[in-house]
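What follows is a single structure, written as structure tokens, with notes after it.
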Amino acid sequence: MNTLFFRYVPGNSFLHRLDPRVKITGMMIVSISIFMSSSLRQLASVALLFFLLLLFSSISPKIIFDAVRPMLLFLAVIFILQFFLMDGEPVFYIMGHDATYEGLRHGVLLILRFLFLLMFASLLTATTTPSLITAGMERMLRPLPLRKLGISSFDLATMVFLSLHFVPFLYGSFSHLRDAQISRGLDMRRNPLGAVYSLSVPMVRIAITSAEEVAVAMESRCYQGEHRSSLHILLLQKKDMAALISFSIMVLALV
Amino acid sequence: MSIEVKDVTFRYAPGTPLETTALEGISLSINKGDFVLISGAIGSGKSTLIRHLNGLLRPSSGQVTVDGIAAYGKKVKAKVGVLFQFPHQQLFGRTIFEDVAFGPRNFGLRNPELKRQVHDALEMLGLGQGICPTSPFSLSGGQKRLVAIAGVLASRPDYIVLDEPLSGLDAEHKKSLLSALQLLSSKGTSVVVVSHQVSDLLSVAQKIFLLDRGSLVFSGTPAEYAKHSPPSMPEINFLMKELRSRGFDVRDDVFGIDDAFSEITRVLGLKEAVEE
Amino acid sequence: MTMIDIRKLRYNYPDGTLALDSVDLHIARGELIVIAGRNGSGKSSLVRHMNALLLPSGGSVSVNGLCTSQKKHHPDIRRAVGMVFQEPDSQFIGMTVEEDIAFGPENLGLPSSRIRNLVDISVTTLGISGLRYLSPRSLSGGQKQKVAAAGVLAMEPQCIIFDEITSMLDPLSRQEILGAIRHIHSGGTTVIHVTHRLEEAVDADRLIIMDSGRIVADGLPRNVFMEYDLEGYGIEMPVMVKLSKMLASAGFSGRRLALTKEELLEDICQLR
């Protein structure tokens, strides 16, 4: 019972070996350009960029697809809404609503943007462990005067790290719980309120209990929030800078 | 009247790089009223098999039937009650009554039968009707487990399957749970305990099935199990085996400490003392 | 040399019920101690005072002379006394075994090379080098507990507390982790092993039995088995010990009370 939900996949590809800060920055740059894309041609260039990166990683397209799959239903709903709710030249009528060309165009653009964001994000998490992402984020946030706001960059990075840890864990607990309640006759159709209640109340308890247990474990392993070092030594090497610069140029040129 | 598992094979994620065969050609039957132990190490396929018995999973090939009908849908879940590991996690009701009534209500039961069955289930586990209006979350860990079991028993299933019910329990709770299960079995409900712990159940079960990496490697009575001497057998049996190999003429189908005691005293010619 | 000094410890749960009732206990460096008792006897509460996860309602607890009631001592106390919990899944913090083990040393602010060194040593001691780059969650129960133990060992504590780590494990995994604990102890670390399975106590230096928040027995395992009626405290005696006791009362005179099947076998064969 495995889920590949933005999971790290061990490997030794070029992308794996890049400094996490470069990858995070690259992610930010490409996200901005995705948001600013307003034509199919631009998004096609983004797609090209993605496949180029995929070649430099040892990640198989199947893994990306598995990360994206849970969202497909959601994307389909968004597309349909856009298709039917936009004003413009009608394509056809259904039940009193027009599906318009503008809606079609906007719908496609919107879901493609989401899709690409998800794909790049899953490539990032597939080639970078949470500990590395955290170390990278922490180093990048360090110069900021966050302390004035009462936030330590360590705590922030750890919070991101723990959320990544909890997603697969809670998903496992959820499917175990669902098996138990279905075996007790859980019926979404006949008793939807009871069904939702029987799933959400225990999940909240499980989430809180797990959070407490992790906190206790962290405390007994001397976690203090501040003054943490890292297993990883982050050294920006020439190849990292070169990669970042060439990537940025490609983004600017293509998109 | 039985659960029949016929040549069942089950694969997770078929056709993908993650494909794993969890069960391979399993055939077994559980008759009404039996007390059965299904044992095996982690990864042997126990959890997958459990989910086939009440229709949560359907086999990739082969067939599972309960009292003649295919194991699928809500009706089967009313006949075959399953208690999973960490049972306290499934509790959610505002009151204990509400939680225990969840199952039977879903299967169509209404008052006054509903009330009666809930009360009976609680009584059977030594909990008493008095706790009905209280919150399940105010109970101790052991009591929560009992409420969860009551939640499964309240639907009066013909078969009840329990996944590692003894894990984490101390000696006295183990004893009381085992007696409750034996009582159930004597009243005609089939009890299927799935556990990697064999020693506690060897003297209680009538049939034992052993799984290893998805295949059934042993099926028989406890006496046959003791003779078969699998690697997972309890210490008592190891001791008997060793004694036999050193020339002591002890029986090879011993199970339980009292049995072992009488065999050893017999062979050594000691008089059996009155136990405290 | 006393490492952990507990005097007249009293502890109340947040809802007021008494969990520990005037407990006195002294633990010396290098001991292997098993603490057993039924659920609710107070054993988990007791050990959680030893690394300052819980603070006394009355009496005192000190580790290496440092009193747990003072918050400023906590980092040093937790560095000296580590704890491995019952549910490994909710303790894992890293995506790979290596990263999870590194979490503790990272919290101590050690330089990266030293962290790497400590991880290497832990992984070798626990025999899990092959699992280094795997996700901790994908491992078997015994392997998970080994990873959790490695994570604590990497901080080089003087004492490690194992809180009911075997209760959810299958027999094979149990043997694995018990072997690892013995190995850790032979390296000089003080070990406190909380369990309700008494077979795990046969090798211990001391067996402590708890009931209703009090220590009711404290001595060599062999003596405790002989002198006390453990079933009365809600604990199961190990099968072999029970059998030995039964044989003894039937007139079987071995040299001593056999604690394991090997000892019992020896004794029976000697009689022939």
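Letters for chains follow the order of the structure tokens (A, B, ...), residue numbers begin at 1 for each chain, and ligand numbers begin at 1 in the order shown.
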Requested in this report: Pick out the residues sitting within 12 Å of region 248-254 of chain A, and hand them over as a PyMOL selection string; count only C-alpha atoms, and ignore anything fewer than 5 positions along from it in its own chain.
Outcome: chain A and resi 22-23+25-34+36-37+41-50+52-53+241-243
I need the residues from that last selection saved to file as a short mmCIF file (atom, residue, chain, number, x, y, z; two decimals), in the first residue's frame (with C-alpha atoms), if you can.
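Writing done, so here's again09.cif:
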data_model
loop_
_atom_site.label_atom_id
_atom_site.label_comp_id
_atom_site.auth_asym_id
_atom_site.auth_seq_id
_atom_site.Cartn_x
_atom_site.Cartn_y
_atom_site.Cartn_z
CA VAL A 22 19.67 26.49 -6.60
CA LYS A 23 16.75 24.13 -7.04
CA THR A 25 15.42 29.39 -6.53
CA GLY A 26 14.91 27.71 -9.90
CA MET A 27 11.49 26.57 -8.73
CA MET A 28 10.59 30.12 -7.78
CA ILE A 29 11.76 31.52 -11.12
CA VAL A 30 9.85 28.97 -13.14
CA SER A 31 6.73 29.45 -10.99
CA ILE A 32 6.73 33.16 -11.69
CA SER A 33 7.05 32.56 -15.41
CA ILE A 34 4.24 30.01 -15.32
CA MET A 36 2.86 35.13 -16.21
CA SER A 37 2.24 32.86 -19.19
CA ARG A 41 3.01 28.85 -26.97
CA GLN A 42 4.57 30.05 -23.73
CA LEU A 43 3.24 27.05 -21.85
CA ALA A 44 4.58 24.77 -24.56
CA SER A 45 8.03 26.23 -23.89
CA VAL A 46 7.56 25.53 -20.18
CA ALA A 47 6.75 21.95 -21.08
CA LEU A 48 9.92 21.74 -23.13
CA LEU A 49 11.93 23.07 -20.18
CA PHE A 50 10.37 20.49 -17.92
CA LEU A 52 14.75 18.88 -20.49
CA LEU A 53 15.10 18.87 -16.70
CA MET A 241 25.85 28.66 -10.23
CA ALA A 242 26.29 27.69 -13.85
CA ALA A 243 23.16 25.58 -13.71
#
Report task. Return the neighbours of chain B among the residues of chain A, cut-off 6 Å, counting only C-alpha atoms, as a ChimeraX atom specification. Result -> /A:183-185,198,201-202
Report task. May I have the residues within 8 Å of Ile101 (chain C) as a PyMOL selection string, using only C-alpha atoms and disregarding those fewer than 5 positions away in the same chain? Result -> chain C and resi 94+119+147-148+150-152+154
Residues from the last selection, C-alpha atoms, saved as a PDB file, in the first residue's frame:
ATOM      1  CA  GLY C  94      13.977  12.125   8.431  1.00  0.00           C
ATOM      2  CA  VAL C 119      26.004   8.481  12.232  1.00  0.00           C
ATOM      3  CA  VAL C 147      16.901   3.001  13.550  1.00  0.00           C
ATOM      4  CA  ALA C 148      15.199   4.767  16.447  1.00  0.00           C
ATOM      5  CA  ALA C 150      20.615   4.458  16.462  1.00  0.00           C
ATOM      6  CA  GLY C 151      19.187   7.969  16.426  1.00  0.00           C
ATOM      7  CA  VAL C 152      19.472   8.118  20.207  1.00  0.00           C
ATOM      8  CA  ALA C 154      24.284   8.944  17.911  1.00  0.00           C
TER       9      ALA C 154
END
Requested in this report: Specify as a list in words all residues of chain C found within 7 Å of chain B, counting only C-alpha atoms.
Outcome: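 For chain C, the answer reads Arg38, Asn39, Ser167, Met168, Asp170, His196, Gly234, Ile235, Glu236, Leu243, Ser249, Ala250, Gly251 and Lys261 of chain C.
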Query - Exercise answer, chain C residues close to chain A, 6 Å and only C-alpha atoms, as a VMD selection string - result: chain C and resid 78 90 to 91 104 106 to 107 109 112
Writing out the chosen residues with N, CA and C atoms as a PDB file, in the first residue's frame:
ATOM      1  N   ARG C  78      18.947  15.680  28.960  1.00  0.00           N
ATOM      2  CA  ARG C  78      18.491  14.898  27.798  1.00  0.00           C
ATOM      3  C   ARG C  78      19.636  14.437  26.928  1.00  0.00           C
ATOM      4  N   SER C  90       5.923   7.297  14.838  1.00  0.00           N
ATOM      5  CA  SER C  90       5.708   8.696  15.182  1.00  0.00           C
ATOM      6  C   SER C  90       6.969   9.353  15.737  1.00  0.00           C
ATOM      7  N   GLN C  91       8.134   8.636  15.626  1.00  0.00           N
ATOM      8  CA  GLN C  91       9.370   9.277  16.076  1.00  0.00           C
ATOM      9  C   GLN C  91      10.235   9.676  14.906  1.00  0.00           C
ATOM     10  N   GLY C 104      19.354  14.095  15.961  1.00  0.00           N
ATOM     11  CA  GLY C 104      19.813  14.351  17.326  1.00  0.00           C
ATOM     12  C   GLY C 104      21.105  15.151  17.355  1.00  0.00           C
ATOM     13  N   GLU C 106      22.377  16.920  15.105  1.00  0.00           N
ATOM     14  CA  GLU C 106      22.151  18.253  14.533  1.00  0.00           C
ATOM     15  C   GLU C 106      21.639  19.209  15.599  1.00  0.00           C
ATOM     16  N   ASN C 107      20.759  18.684  16.481  1.00  0.00           N
ATOM     17  CA  ASN C 107      20.214  19.523  17.534  1.00  0.00           C
ATOM     18  C   ASN C 107      21.287  19.981  18.510  1.00  0.00           C
ATOM     19  N   GLY C 109      24.131  20.955  17.607  1.00  0.00           N
ATOM     20  CA  GLY C 109      24.938  21.977  16.953  1.00  0.00           C
ATOM     21  C   GLY C 109      26.343  21.529  16.602  1.00  0.00           C
ATOM     22  N   SER C 112      29.361  19.334  10.825  1.00  0.00           N
ATOM     23  CA  SER C 112      28.893  18.306   9.894  1.00  0.00           C
ATOM     24  C   SER C 112      29.758  17.057   9.867  1.00  0.00           C
TER      25      SER C 112
END
Report task. Between CA of Gly126 (chain B) and CA of Ile96 (chain B), measure the distance and give it in Å to one decimal. Result ->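 These atoms are spaced 14.2 Å apart.
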**Report entry** DSSP strand (DSSP E) residues within region 69-131 of chain C, listed as a ChimeraX atom specification
**Finding:** /C:81-84
